[in-house]
Each structure stands twice: as structure tokens, then as C-alpha cells.
file input_35.txt (compact mmCIF, C-alpha atoms)
# COMPACT_ATOMS: atom_id res chain seq x y z
CA MET K 1 94.16 143.30 18.47
CA GLY K 2 94.33 143.44 22.27
CA ARG K 3 92.26 140.29 22.39
CA ARG K 4 95.20 138.33 21.00
CA SER K 5 98.28 140.37 21.97
CA ILE K 6 97.41 140.90 25.64
CA TRP K 7 94.42 139.02 26.95
CA SER K 8 95.37 135.68 25.37
CA GLN K 9 98.69 135.51 27.23
CA ASP K 10 98.71 132.77 29.89
CA ALA K 11 100.56 134.89 32.47
CA ILE K 12 98.01 137.68 32.17
CA ILE K 13 95.04 135.32 32.30
CA GLU K 14 96.46 133.86 35.53
CA LEU K 15 97.25 137.25 37.04
CA SER K 16 93.77 138.53 36.19
CA GLN K 17 92.30 136.15 38.78
CA GLN K 18 93.48 138.56 41.46
CA PHE K 19 91.29 141.28 39.97
CA VAL K 20 87.71 141.74 38.99
CA ALA K 21 87.85 142.11 35.22
CA ALA K 22 85.35 144.25 33.34
CA THR K 23 84.98 145.68 29.87
CA ASP K 24 82.84 148.46 28.51
CA GLU K 25 82.31 150.86 25.66
CA VAL K 26 84.26 154.03 26.36
CA TRP K 27 82.45 156.78 24.46
CA ARG K 28 79.40 156.82 26.72
CA LEU K 29 81.53 156.52 29.86
CA GLN K 30 83.77 159.44 28.96
CA ASN K 31 81.00 161.73 27.73
CA GLY K 32 77.99 160.78 29.84
CA THR K 33 76.72 162.62 32.88
CA ASP K 34 75.14 159.85 34.95
CA PRO K 35 76.74 158.49 38.16
CA GLU K 36 78.43 155.54 36.39
CA CYS K 37 80.03 157.85 33.81
CA LYS K 38 81.11 160.36 36.46
CA HIS K 39 82.79 157.60 38.46
CA PHE K 40 84.68 156.49 35.35
CA GLN K 41 85.71 160.07 34.49
CA LYS K 42 87.18 160.53 37.96
CA ILE K 43 89.55 157.66 37.15
CA ALA K 44 90.20 158.23 33.45
CA ASP K 45 90.80 161.96 33.72
CA VAL K 46 93.97 161.25 35.72
CA GLY K 47 94.93 158.27 33.51
CA HIS K 48 97.20 157.95 30.49
CA TYR K 49 95.22 160.30 28.23
CA ARG K 50 93.96 162.63 30.97
CA ALA K 51 92.00 165.40 29.31
CA HIS K 52 94.39 165.84 26.41
CA GLU K 53 92.98 163.29 23.97
CA SER K 54 89.53 162.90 22.49
CA THR K 55 89.38 159.26 23.62
CA ARG K 56 89.92 157.56 26.99
CA GLN K 57 90.20 154.04 25.59
CA GLY K 58 92.71 151.67 27.12
CA ILE K 59 93.34 149.60 30.22
CA TYR K 60 92.74 150.96 33.71
CA ILE K 61 93.28 149.48 37.14
CA CYS K 62 91.53 151.19 40.02
CA THR K 63 90.09 150.70 43.46
CA PRO K 64 86.30 150.41 43.73
CA SER K 65 86.39 153.85 45.39
CA GLY K 66 87.84 155.32 42.20
CA ILE K 67 91.56 155.70 42.90
CA LEU K 68 93.67 155.01 39.82
CA LEU K 69 96.38 152.37 40.33
CA GLY K 70 97.66 152.24 36.75
CA SER K 71 96.60 152.84 33.17
CA MET K 72 97.87 152.58 29.60
CA ASN K 73 96.76 151.95 26.04
CA THR K 74 99.12 149.41 24.54
CA HIS K 75 99.49 146.06 22.78
CA ASN K 76 102.59 145.26 24.86
CA ALA K 77 101.70 142.33 27.12
CA ASN K 78 104.80 142.73 29.31
CA ALA K 79 103.94 146.32 30.08
CA VAL K 80 100.41 145.33 31.06
CA ARG K 81 101.65 142.46 33.25
CA ASN K 82 104.05 144.80 35.05
CA MET K 83 101.28 147.34 35.58
CA MET K 84 99.01 144.65 37.00
CA SER K 85 101.70 143.45 39.44
CA GLU K 86 102.46 147.00 40.57
CA ALA K 87 98.76 147.74 41.04
CA LEU K 88 98.34 144.69 43.28
CA ARG K 89 101.22 145.90 45.45
CA LYS K 90 99.65 149.36 45.78
CA TYR K 91 96.22 147.93 46.55
CA ALA K 92 97.56 145.62 49.26
CA VAL K 93 98.95 148.48 51.37
CA MET K 94 95.89 150.72 51.15
CA ASP K 95 93.40 151.08 53.99
CA GLN K 96 90.01 149.45 53.54
CA ASP K 97 88.28 152.83 53.77
CA GLU K 98 90.49 154.18 51.04
CA ARG K 99 89.92 151.40 48.53
CA ARG K 100 86.27 150.44 49.11
CA LEU K 101 83.24 152.16 47.62
CA PRO K 102 81.61 154.55 50.13
CA LYS K 103 78.34 153.12 51.49
CA ASP K 104 76.23 155.92 50.05
CA ALA K 105 77.97 155.89 46.64
CA ASP K 106 75.73 155.85 43.58
CA ILE K 107 77.20 154.49 40.36
CA LYS K 108 73.97 153.41 38.71
CA PRO K 109 73.67 154.29 35.02
CA ASP K 110 70.61 156.26 33.90
CA HIS K 111 70.39 154.34 30.65
CA ARG K 112 72.13 151.51 28.87
CA TRP K 113 71.34 150.23 25.38
CA GLU K 114 71.28 146.67 26.72
CA GLU K 115 67.92 147.56 28.33
CA SER K 116 66.39 147.19 24.86
CA TYR K 117 67.34 143.50 24.58
CA PRO K 118 64.42 141.79 22.78
CA ALA K 119 64.01 138.72 25.00
CA ASP K 120 61.18 137.29 22.87
CA GLY K 121 62.75 138.40 19.58
CA LEU K 122 65.87 137.51 17.68
CA ASP K 123 69.47 138.03 18.83
CA LEU K 124 72.05 137.19 16.15
CA THR K 125 75.82 137.28 16.40
CA MET K 126 77.74 138.43 13.34
CA ILE K 127 81.35 137.36 12.77
CA ALA K 128 83.27 139.25 10.05
CA ARG K 129 86.61 137.99 8.76
CA ASP K 130 89.10 138.94 6.08
CA LEU K 131 89.41 136.01 3.67
CA PRO K 132 92.49 134.61 1.94
CA GLU K 133 93.36 136.32 -1.33
CA SER K 134 93.32 132.87 -2.94
CA CYS K 135 89.58 132.69 -2.16
CA ASN K 136 90.14 129.12 -1.06
CA PRO K 137 88.54 128.17 2.26
CA ASP K 138 91.20 125.50 2.79
CA ASP K 139 93.97 128.11 2.90
CA GLU K 140 94.86 128.85 6.48
CA CYS K 141 95.40 132.43 7.44
CA GLN K 142 95.52 134.32 10.69
CA SER K 143 93.25 137.00 9.40
CA ALA K 144 91.56 139.88 11.14
CA TRP K 145 88.09 139.24 12.49
CA ASN K 146 85.51 141.06 14.52
CA LYS K 147 82.04 140.49 15.82
CA ASP K 148 78.85 142.31 16.62
CA ARG K 149 75.24 141.64 17.46
CA ILE K 150 72.06 142.38 15.51
CA TRP K 151 68.68 142.47 17.23
CA PHE K 152 65.10 142.11 16.00
CA SER K 153 61.91 142.45 18.04
CA LYS K 154 59.37 139.61 18.06
CA SER K 155 57.29 141.19 15.29
CA GLU K 156 60.43 141.81 13.22
CA MET K 157 61.55 138.22 13.77
CA GLN K 158 58.22 136.99 12.41
CA GLN K 159 58.94 138.85 9.18
CA PHE K 160 61.59 136.23 8.37
CA LEU K 161 58.64 133.86 7.87
CA PRO K 162 55.86 133.80 5.26
CA GLU K 163 52.96 136.10 6.13
CA ASP K 164 50.38 133.35 6.58
CA LEU K 165 51.87 130.08 7.80
CA SER K 166 48.58 128.22 7.32
CA GLN K 167 48.83 128.77 3.55
CA VAL K 168 52.48 127.78 3.23
CA GLU K 169 53.78 124.70 1.46
CA ALA K 170 57.23 123.48 0.46
CA GLY K 171 58.55 125.53 -2.41
CA THR K 172 56.89 128.79 -1.38
CA ARG K 173 59.30 131.59 -2.14
CA TYR K 174 59.22 135.16 -0.85
CA ASP K 175 61.48 138.15 -0.25
CA LEU K 176 62.28 139.34 3.25
CA PRO K 177 60.82 142.82 3.83
CA GLU K 178 62.96 145.82 3.05
CA GLY K 179 63.19 146.80 6.73
CA ILE K 180 64.74 143.46 7.67
CA VAL K 181 67.17 143.49 4.75
CA ASN K 182 68.12 147.09 5.44
CA ARG K 183 68.99 146.36 9.05
CA ILE K 184 71.24 143.46 8.06
CA VAL K 185 72.97 145.26 5.20
CA ARG K 186 73.23 148.78 6.64
CA PHE K 187 74.47 147.83 10.10
CA SER K 188 76.06 144.38 9.87
CA VAL K 189 77.36 143.46 6.41
CA ILE K 190 79.97 146.19 6.82
CA ASP K 191 83.75 146.31 6.59
CA THR K 192 84.49 145.94 10.28
CA ALA K 193 86.95 143.00 10.26
CA LYS K 194 89.90 145.24 11.12
CA GLY K 195 88.16 147.87 13.20
CA GLN K 196 85.09 149.96 13.80
CA THR K 197 83.42 151.32 10.73
CA SER K 198 80.36 153.42 10.03
CA TYR K 199 76.95 152.16 8.88
CA TYR K 200 75.33 152.79 5.52
CA ALA K 201 72.48 155.18 4.78
CA ARG K 202 69.22 153.69 3.50
CA LYS K 203 69.75 154.95 -0.03
CA GLU K 204 73.19 153.28 -0.14
CA VAL K 205 71.82 149.71 0.07
CA ALA K 206 69.12 149.94 -2.57
CA GLU K 207 70.25 146.94 -4.63
CA SER K 208 70.16 144.41 -1.79
CA ARG K 209 67.78 141.46 -1.58
CA ILE K 210 67.34 138.44 0.71
CA SER K 211 64.88 135.74 -0.34
CA ALA K 212 63.53 132.71 1.46
CA THR K 213 62.29 129.39 0.13
CA VAL K 214 60.22 127.08 2.31
CA GLU K 215 61.93 123.68 2.24
CA SER K 216 59.52 121.90 4.56
CA VAL K 217 56.63 122.73 6.81
CA ASP K 218 54.62 120.73 9.32
CA ALA K 219 52.84 121.24 12.65
CA VAL K 220 56.16 121.34 14.52
CA GLN K 221 58.47 123.49 12.44
CA VAL K 222 59.09 125.47 9.29
CA ARG K 223 62.42 125.07 7.56
CA ILE K 224 63.53 127.78 5.13
CA ARG K 225 66.50 128.34 2.88
CA LEU K 226 67.91 131.86 2.62
CA ASP K 227 69.71 133.32 -0.36
CA GLY K 228 70.45 136.79 -1.58
CA LYS K 229 72.82 139.51 -2.62
CA THR K 230 73.87 142.58 -0.73
CA ARG K 231 75.45 145.71 -2.07
CA ALA K 232 76.23 148.88 -0.18
CA THR K 233 78.25 151.77 -1.54
CA SER K 234 79.15 155.13 -0.21
CA PRO K 235 80.71 156.69 -3.29
CA THR K 236 81.69 160.12 -2.06
CA SER K 237 84.02 161.51 0.55
CA ARG K 238 82.11 162.87 3.54
CA GLY K 239 84.04 164.60 6.30
CA ARG K 240 86.78 162.14 7.22
CA GLU K 241 85.04 159.34 5.29
CA PHE K 242 86.38 158.09 1.97
CA PRO K 243 84.51 156.24 -0.79
CA HIS K 244 83.90 152.65 0.27
CA GLY K 245 81.63 149.75 -0.42
CA ILE K 246 80.92 146.07 -0.02
CA GLU K 247 79.02 143.45 -1.96
CA THR K 248 78.28 139.86 -1.04
CA GLU K 249 76.34 136.76 -1.93
CA LEU K 250 74.38 135.20 0.88
CA LEU K 251 73.28 131.65 1.65
CA GLY K 252 71.88 129.95 4.72
CA HIS K 253 68.93 128.35 6.43
CA ALA K 254 66.56 128.73 9.35
CA VAL K 255 64.25 126.48 11.33
CA PHE K 256 61.30 128.03 13.14
CA ASP K 257 59.88 126.12 16.11
CA ARG K 258 56.13 126.71 15.92
CA LYS K 259 55.46 125.69 19.52
CA GLN K 260 58.19 127.84 21.04
CA GLN K 261 57.55 130.64 18.53
CA GLN K 262 61.31 130.98 18.19
CA PHE K 263 63.97 130.09 15.66
CA SER K 264 65.79 126.96 16.83
CA GLU K 265 68.30 127.42 14.00
CA LEU K 266 69.16 130.45 11.92
CA GLU K 267 72.49 130.79 10.21
CA PHE K 268 73.72 132.36 7.02
CA VAL K 269 77.03 133.12 5.37
CA ALA K 270 77.74 136.21 3.27
CA LEU K 271 80.86 136.24 1.08
CA GLY K 272 82.14 138.92 -1.21
CA LYS K 273 84.47 141.86 -1.45
CA ARG K 274 85.01 145.18 0.25
CA TRP K 275 86.88 148.27 -0.94
CA GLY K 276 87.78 151.75 0.23
CA ARG K 277 87.93 152.89 3.83
CA THR K 278 86.17 154.67 6.64
CA VAL K 279 87.83 156.71 9.38
CA PHE K 280 88.73 153.97 11.87
CA ASN K 281 88.35 150.65 10.02
CA GLY K 282 92.06 150.02 9.50
CA ARG K 283 91.96 150.07 5.68
CA HIS K 284 94.09 153.16 5.04
CA ARG K 285 96.68 150.96 3.30
CA GLN K 286 94.15 148.63 1.73
CA LEU K 287 91.85 150.71 -0.43
CA GLU K 288 91.70 148.13 -3.21
CA GLU K 289 89.15 145.30 -3.30
CA SER K 290 89.77 142.29 -1.08
CA PRO K 291 87.65 139.29 -0.04
CA ILE K 292 85.62 139.38 3.16
CA GLY K 293 83.18 136.96 4.75
CA PHE K 294 80.47 136.95 7.40
CA VAL K 295 78.64 134.35 9.45
CA PHE K 296 75.37 135.28 11.13
CA ARG K 297 74.03 132.84 13.71
CA LEU K 298 71.82 132.67 16.79
CA THR K 299 73.54 134.07 19.87
CA PRO K 300 73.87 131.42 22.60
CA LYS K 301 71.54 132.09 25.52
CA ASP K 302 74.47 132.23 27.96
CA ALA K 303 76.44 134.80 25.93
CA PRO K 304 77.22 138.15 27.60
CA LEU K 305 74.56 140.77 27.01
CA ILE K 306 76.14 143.28 24.63
CA ALA K 307 74.08 145.70 22.56
CA PRO K 308 74.62 145.97 18.79
CA SER K 309 77.02 148.80 17.89
CA PHE K 310 74.43 150.70 15.89
CA LEU K 311 71.32 149.97 17.95
CA PHE K 312 70.90 153.71 18.43
CA ALA K 313 70.40 154.10 14.66
CA TYR K 314 67.70 151.41 14.28
CA ARG K 315 64.39 152.87 13.19
CA ALA K 316 62.33 150.94 15.72
CA ASN K 317 59.94 152.03 18.43
CA TRP K 318 60.93 149.19 20.77
CA ILE K 319 64.35 150.73 21.39
CA LYS K 320 64.59 152.41 24.80
CA ARG K 321 66.41 155.66 24.20
CA PRO K 322 68.16 157.91 26.75
CA MET U 1 120.32 130.49 -13.69
CA LEU U 2 117.61 129.58 -16.21
CA ILE U 3 116.34 126.80 -13.95
CA ARG U 4 116.15 129.21 -11.02
CA LEU U 5 114.27 131.78 -13.09
CA THR U 6 111.80 129.17 -14.37
CA PHE U 7 111.16 127.96 -10.83
CA PHE U 8 110.54 131.53 -9.66
CA LEU U 9 108.10 132.18 -12.51
CA LEU U 10 106.24 128.97 -11.75
CA LEU U 11 105.78 130.16 -8.17
CA LEU U 12 104.31 133.43 -9.41
CA VAL U 13 101.71 131.99 -11.76
CA PRO U 14 99.31 130.54 -9.18
CA ALA U 15 99.61 133.65 -7.03
CA VAL U 16 98.62 135.94 -9.87
CA SER U 17 95.72 133.81 -11.04
CA SER U 18 94.37 133.14 -7.56
CA ALA U 19 94.29 136.85 -6.71
CA GLN U 20 91.88 137.31 -9.61
CA THR U 21 89.60 134.53 -8.45
CA THR U 22 86.20 135.64 -7.26
CA ILE U 23 84.49 133.87 -4.43
CA LYS U 24 81.56 131.71 -5.35
CA LEU U 25 79.30 130.70 -2.52
CA ASP U 26 77.25 127.56 -3.08
CA ASP U 27 75.80 124.60 -1.21
CA ARG U 28 79.00 122.61 -1.70
CA ASN U 29 81.36 125.09 -0.05
CA LEU U 30 78.97 126.79 2.39
CA GLN U 31 80.07 124.68 5.38
CA GLN U 32 83.76 125.16 4.56
CA TRP U 33 83.43 128.93 4.44
CA ARG U 34 81.38 128.97 7.61
CA ASP U 35 84.07 127.03 9.45
CA HIS U 36 86.79 129.24 7.99
CA ILE U 37 85.12 132.46 9.15
CA LEU U 38 84.08 131.39 12.64
CA PRO U 39 86.70 132.05 15.34
CA ALA U 40 89.04 129.16 16.09
CA ALA U 41 89.86 128.17 19.68
CA ASP U 42 93.02 130.33 19.55
CA ASP U 43 90.94 133.35 18.61
CA LEU U 44 88.90 132.98 21.78
CA THR U 45 91.59 132.49 24.43
CA TRP U 46 90.94 136.00 25.76
CA GLN U 47 87.49 134.87 26.81
CA LYS U 48 89.05 132.69 29.52
CA ILE U 49 89.05 135.87 31.59
CA PRO U 50 85.55 136.19 33.12
CA TRP U 51 84.87 139.70 31.88
CA LEU U 52 81.93 141.55 33.36
CA THR U 53 80.19 143.58 30.72
CA THR U 54 79.77 146.99 32.35
CA PHE U 55 81.95 149.34 34.36
CA ALA U 56 79.33 149.64 37.12
CA ASP U 57 79.05 145.86 37.48
CA GLY U 58 82.85 145.72 37.70
CA ILE U 59 83.02 148.36 40.45
CA LEU U 60 80.26 146.72 42.51
CA SER U 61 81.79 143.25 42.19
CA ALA U 62 85.29 144.52 42.99
CA ASP U 63 83.92 146.23 46.08
CA GLN U 64 82.10 143.12 47.20
CA LEU U 65 85.21 140.96 46.73
CA ASP U 66 87.64 143.64 47.93
CA LYS U 67 89.75 143.34 44.78
CA PRO U 68 91.09 145.97 42.40
CA LEU U 69 89.19 146.46 39.14
CA LEU U 70 90.93 145.61 35.86
CA LEU U 71 89.03 147.60 33.28
CA TRP U 72 89.40 147.35 29.48
CA VAL U 73 87.48 150.05 27.61
CA MET U 74 87.45 150.72 23.88
CA ASN U 75 85.54 152.63 21.26
CA GLY U 76 83.01 149.89 20.64
CA HIS U 77 82.47 147.27 23.33
CA PRO U 78 85.47 144.89 23.56
CA LEU U 79 83.10 141.92 23.85
CA GLY U 80 81.26 143.13 20.77
CA CYS U 81 82.50 145.17 17.86
CA THR U 82 85.61 147.19 18.63

call {"tool": "encode", "arguments": {"input": "input_35.txt", "output": "C-alpha cells"}}
result
Amino acid sequence: MGRRSIWSQDAIIELSQQFVAATDEVWRLQNGTDPECKHFQKIADVGHYRAHESTRQGIYICTPSGILLGSMNTHNANAVRNMMSEALRKYAVMDQDERRLPKDADIKPDHRWEESYPADGLDLTMIARDLPESCNPDDECQSAWNKDRIWFSKSEMQQFLPEDLSQVEAGTRYDLPEGIVNRIVRFSVIDTAKGQTSYYARKEVAESRISATVESVDAVQVRIRLDGKTRATSPTSRGREFPHGIETELLGHAVFDRKQQQFSELEFVALGKRWGRTVFNGRHRQLEESPIGFVFRLTPKDAPLIAPSFLFAYRANWIKRP
Amino acid sequence: MLIRLTFFLLLLVPAVSSAQTTIKLDDRNLQQWRDHILPAADDLTWQKIPWLTTFADGILSADQLDKPLLLWVMNGHPLGCT
């Protein structure tokens, strides 16, 4: 919500030029023990939540040395603009020594999940969006949306293709391996349009299938059509979780460049319905079924490097763990 | 009064029937749904701010440029799924 209510305001975008702007995931920063996390905790532990709340999420303004100049967690753009202006005034009257990072300071993280980025594999961006109740794509709606990434190593990427490309001809049809389907359905076709949700256990996605049909193949490229159905259900309450589920139909295509050994195109849409709620996914007043849609597509090469939310839960030996 | 009531009922009919419609994805509407789901330009205005993607990168850059750091942290990365 902050994306629209605060950071899309012209006055704030202009004012932000007088700062260095950064974003990050807060859980690791507030709980970690490496130098980067400790530097953050020095700032956040005197901020709006101090040590009283379980989270430190929000907006902070600080000197590089770690002195807090302002903080809050709000969707009120005016309040943020005022805080930014006040912080600039405070910063301007501080001594250089006070505001700059000490020369011997260490703020290097011990581990970040981005280190596992599969440069020769597959990096997809997932966009999830609530759909109009009319189920008509022409109906305009300012609906909630969210995004995430999903990563595959080189050998996993190759599993989107037929096993033996030399034997393949147009019309060849095959199912994507269970491991590939599971990663997509468990971690990405999830009800996250309105907020963070949890992922599904393996046994909860048993009825899902994604199939591929070779449309054309030559020495340069292989073009495939993707279709399938996904279903994931978590039928029982578990801790603070409530019964929830999602089912979709899936359609798309991919083009594999045989020389580059990379997909030059890969995009699919999944449409269906979600129901129930998880702890933080914003559905506490929307337990009944409603339409939801997803687009999966190649991440542009110049996109910021952000790790998938549930990378830590991938069963893959190429993940560099802390 | 009767005319008003009839008009009101007519407004209700499409709403009720459309809510029961199920989505059918096929080759004819695939592109439309894709375009509907992808973020519009308005959805992406916040990306005009050149966000660095880690706290440490933000601190180092702020120090180099002698500027204060504006930090936005959430459960889930704000440039990813939050």
C-alpha cells in the first residue's frame, strides 16, 4: 500500500533526491547478528517501535553513522514529507564526524539470499492481482497486486524442455517434472495479492499439473506451449493459520534459444479463485472465494536483484544458506 | 415508484449473474488477462525513486555522497513481495 500512498506522490519523489533511498527486508535486519544487522538495530531500536513490538518495519531516516533522524510506520504521505524535511534540517547542522560512517566501520553482511542468484538459470517475476468480480478483463479496477521472484538453476531450467531435444518434433507433449511444478505452485501461485502469505506444503499441491507441447523446433530454437491446472489447499487451522486454498488454470508459451542455452521468451498466465486466509495476507474480511490472476514472465536483466520470498524453503542444493 | 423499482432491479440482475461467472482462460482472452494483471504505469510510479536494494548498500552510498539515508523496510522486501 505504501507504494501507492506514499512513494508515488510527486512531492515525496522530488524530496527523495536529497537522500539516498534504500529498501530491505526487515526480519533479517532486526533479528540477525552480523555487522549490517547490528548497524540497523542501533537505529531501529530507538525508532518508532523501539523494542516494544515484534516488528521494526516502517520508514527510517538516519545518518550513515547510525544516528536516527526520524522514523514512522504510516500510509500518511504528509507525515512522511514533514519527517523528511525535518530530517534534512537536522542533518545539515550536524558535524561531518557525527554523520559520516567511521573509517573502520564494518557493515558487511555475513550472508544474503541474493548470493544464490542463478545467473545461468531462470529468473521469473510473478505478478499477482485480484481480478474483477465480473470476471471480465475489460472491467477496470484498481485492485490489489503484488509481485515476487521465482528462481531455477540451469539444470532445473532445462527441465522445462523435453529430455532429449534431438528426438523432439512438433506436437511432442510432456509434463513438467513434479519438482518444477511444486516450486511454482507451492511458492508462487499463492494468495499474496493483498499481503504476505505462507507457502504450501508438498502434500497440499498434489493435484497440480503443468504440461508442455512442442509447437515448433529447429536448429535455432524450440517453441513450446504451456497449459495446466494448479490446486493447493490447506484445509485445517494451524496455529494462527486458517483454512485456505487456491486453484487456477494456466496457459502460456516459451521459446528456448538453443545457441544461448537460455529462454528468450517464457510467459504464462494463471487464473482462478482463492479462498480463506493466512495470518498476514489481508483476507480477514474476505474468506469467501474471489477471482485472482497471475502473470509469470522473464525478469528483465536490469531489474533489481531481489531474492524470492521463499528461497530459503526451496529443496535445492544450489542455494547458499547462512 | 414502479418505474424506479424496475430500474433498480434491472441494475441488480447483471451484478448477481456476473458474480457467479467463473473465469475461463483460453487463447482468445489470454492477452487481455495478461494486460489486465500486469501493473499499469500508475502502479509503478514509486519506482521513480532509485531505490538501492540493501541497507548496507544504502549506508555506504549515503556515506559516499554525504546524504542522509531514507530507508523503507518491510516484512518481505518492498521491491519484491511485501

call {"tool": "interface_residues", "arguments": {"input": "input_35.txt", "of": "chain K", "to": "chain U", "cutoff": "7 Å", "atoms": "all atoms listed in the file", "output": "PyMOL selection string"}}
result
chain K and resi 3-4+7-8+13+18-27+36+57-64+91+100-101+107-108+127+129+133-135+137+146-148+195-196+249+269+271-272+293-295+304+306+309

call {"tool": "closest_residue", "arguments": {"input": "input_35.txt", "among": "K:Thr299, K:Trp318, K:Leu266, K:Asp106", "to": "Lys154 in chain K", "atoms": "only C-alpha atoms"}}
result
K:Trp318

call {"tool": "residues_near_point", "arguments": {"input": "input_35.txt", "point": "(63.3, 133.1, -0.7)", "cutoff": "6 Å", "atoms": "all atoms listed in the file", "output": "number ranges by chain"}}
result
K: 173-175, 211-213, 226

call {"tool": "axis_aligned_box", "arguments": {"input": "input_35.txt", "around": "range 23-40 of chain U", "padding_each_side": "3 Å", "output": "AutoDock Vina command-line options"}}
result
--center_x 82.4 --center_y 128.2 --center_z 5.4 --size_x 19.2 --size_y 17.3 --size_z 27.4

call {"tool": "atom_distance", "arguments": {"input": "input_35.txt", "atom1": "CA of Ala219 in chain K", "atom2": "CA of Asp164 in chain K"}}
result
13.8 Å

call {"tool": "atom_distance", "arguments": {"input": "input_35.txt", "atom1": "CA of Ser16 in chain K", "atom2": "CA of Ile67 in chain K"}}
result
18.6 Å

call {"tool": "atom_distance", "arguments": {"input": "input_35.txt", "atom1": "CA of Thr33 in chain K", "atom2": "CA of Arg315 in chain K"}}
result
25.2 Å

call {"tool": "residues_around", "arguments": {"input": "input_35.txt", "residues": "His111 in chain K", "least_positions_apart": "4", "cutoff": "8 Å", "atoms": "all atoms listed in the file", "output": "ChimeraX atom specification"}}
result
/K:115,321-322
